[in-house]
Amino acid sequence: MKITNVKVLVTCPGRNYVLVKIETDEGLYGWGDATLNGRELSVASALENHIAPLLIGRDPDRIEDTWQMLFRGTYWRGGPVLMTALAGVDLALWDIKGKRAGLPVYSLLGGKTREGALAYSHCSGESFEEVEDCIRERMEQGFKVLRAQVAVPGTHGTYGTAVKRGEAVGSVREAAPFVEQWEPSLYLKVVPPLFEHLRSTLGDEIALLHDIHERLNPVQASQLARALEPYNLFFLEDPLRPEHKESFRLIRQHTTIPIAMGELFHTRWDALPLITEQLIDFIRCDIGHIGGLTEARKIAAIAETYNVQTAWHGPGDIAPMTHAANVHLDMAIPNFGVQEMTFFPEATQEVITGGPYFEDGYMKVTDAPGLGTDVNEALAAKYEYKSAYLPMVRRFDGSVHDW
Ligand code: GCO
Ligand code: MG
């Protein structure tokens, strides 16, 4: 079998997605996702101009060799653009391999270790009561784990709350970044009382987590982690910037709250020190930004050795193919922890069909061969790319802060 064509499709059924179709001389094809929020066209260009020509004529069965060729063989490696492009190719190749074997990808990865992947969704609000209401609604839907974020009084925009619940965070906006105004001191004041409120009104049954989104410095993150200890968090996510690996030691010295990190990592080497030093409890890389399943299963295996569980990134700004890859891997590994999930809008589901589904608190995949997703190309073509940016954050004095 030989690769005959690589098609890159940029479509915007609600938000922008970059989809990769790898076609073969035997009529089998695979779909991958190469979406990088706000930088979609850079990845599409890398694929079309530099990567696709290298794939024509290759045997699609050789996933590891193709991965090594694109990562090491082309000299320039790493970074969000290239690792997202590589993930798009990698997922499409796993999809083809599954279809060729007549097996779902989880089966190729070793077979089921569980019946479903414990899933979490997001809740946010302008007030504690709004967050509480959202959590109650989600619990009715079957969720056993939920993320809670609340608006910070006195600021203009807060991560995870800038859009009303039910809408994807960072979805298509005006063509210039929305600028949030935010202060760590105000944020630090509001988060512990939020969890105090949630525990006193909801009790202990629901597992709760919180995403700092890399906005604190090491000592602030340690203070917040300590303040949150009484509320039994499932994990505290992304406390520090991805550059700050050694600073995780400070947080560990001050608290036993479980720590998760990883959506801004791009290779196993980014994640390695946090895992081998056991500075985190959950590794939550984005399979779509680390070169796909080929890299993710290696990270999972390293993590297993150090008793670290997985919590792969699962936001709305990666396409259902990556969500499918998340769940196929979750189903096959022994050290799965939790899976972030997204309910995609109808338009997205019409363009990208199949993919994982939610059932009573768990994400599941069908036994369809490959990743189990397909694309309605005619419909995708009707949704043209729309320029969109992630928001930005500035402190009250006007200086740039991490979003
Ligand atoms: C999460 C993330 C996302 C990111 C987004 C950036 O935990 O789901 O933090 O909401 O901000 O994926 O593109
Ligand atoms: Mg996050």
# chains A, B, ... in the order shown; residues from 1 in each chain; ligands from 1
$ residues_near_ligand --ligand "ligand 2" --cutoff "12 Å" --atoms "only C-alpha atoms and all ligand atoms" --output "number ranges by chain"
A: 121-122, 147-149, 159-160, 169, 209-215, 235-242, 260-265, 283-286, 311-317, 340-341, 403
$ select_by_dssp --residues "segment 6-123 of chain A" --states "alpha helix (DSSP H)" --output "number ranges by chain"
A: 40-45, 52-55, 63-68, 79-101, 105-108
$ write_last_selection --atoms "C-alpha atoms" --output "compact mmCIF listing (two decimals), in the first residue's frame"
# COMPACT_ATOMS: atom_id res chain seq x y z
CA GLU A 40 -4.33 27.31 11.92
CA LEU A 41 -2.88 28.55 8.64
CA SER A 42 0.75 28.11 9.76
CA VAL A 43 0.10 24.42 10.34
CA ALA A 44 -1.84 24.06 7.09
CA SER A 45 1.06 25.64 5.21
CA ALA A 52 2.89 16.34 2.25
CA PRO A 53 5.54 16.00 -0.51
CA LEU A 54 7.62 13.77 1.81
CA LEU A 55 4.71 11.36 2.33
CA ILE A 63 3.92 4.94 11.40
CA GLU A 64 6.97 4.96 13.69
CA ASP A 65 9.37 5.35 10.78
CA THR A 66 7.30 8.20 9.31
CA TRP A 67 7.18 9.85 12.74
CA GLN A 68 10.98 9.60 13.15
CA GLY A 79 7.30 23.55 18.70
CA PRO A 80 3.54 23.88 18.41
CA VAL A 81 3.34 24.28 14.61
CA LEU A 82 5.46 21.30 13.59
CA MET A 83 4.23 19.00 16.37
CA THR A 84 0.60 19.78 15.48
CA ALA A 85 1.29 19.08 11.81
CA LEU A 86 3.00 15.82 12.80
CA ALA A 87 -0.01 14.87 14.95
CA GLY A 88 -2.32 15.38 11.96
CA VAL A 89 -0.26 12.94 9.89
CA ASP A 90 0.15 10.49 12.78
CA LEU A 91 -3.59 10.30 13.54
CA ALA A 92 -4.45 9.79 9.86
CA LEU A 93 -1.93 6.92 9.69
CA TRP A 94 -3.35 5.23 12.82
CA ASP A 95 -6.80 5.62 11.29
CA ILE A 96 -5.63 3.86 8.11
CA LYS A 97 -3.90 1.12 10.08
CA GLY A 98 -7.08 0.42 12.03
CA LYS A 99 -9.26 0.39 8.93
CA ARG A 100 -6.83 -1.94 7.18
CA ALA A 101 -6.86 -4.35 10.13
CA VAL A 105 -7.29 1.91 17.37
CA TYR A 106 -7.64 0.96 21.08
CA SER A 107 -7.33 -2.66 20.00
CA LEU A 108 -4.08 -1.95 18.11
$ closest_residue --among "A:Glu23, A:Leu146, A:Ala380, A:Gly111" --to "Cys123 of chain A" --atoms "only C-alpha atoms"
A:Leu146
$ atom_distance --atom1 "atom CA of Trp76 of chain A" --atom2 "atom CA of Leu36 of chain A"
18.3 Å
$ closest_residue --among "A:Pro60, A:Ala207, A:Gly154, A:Gly102" --to "Lys189 of chain A" --atoms "only C-alpha atoms"
A:Gly154
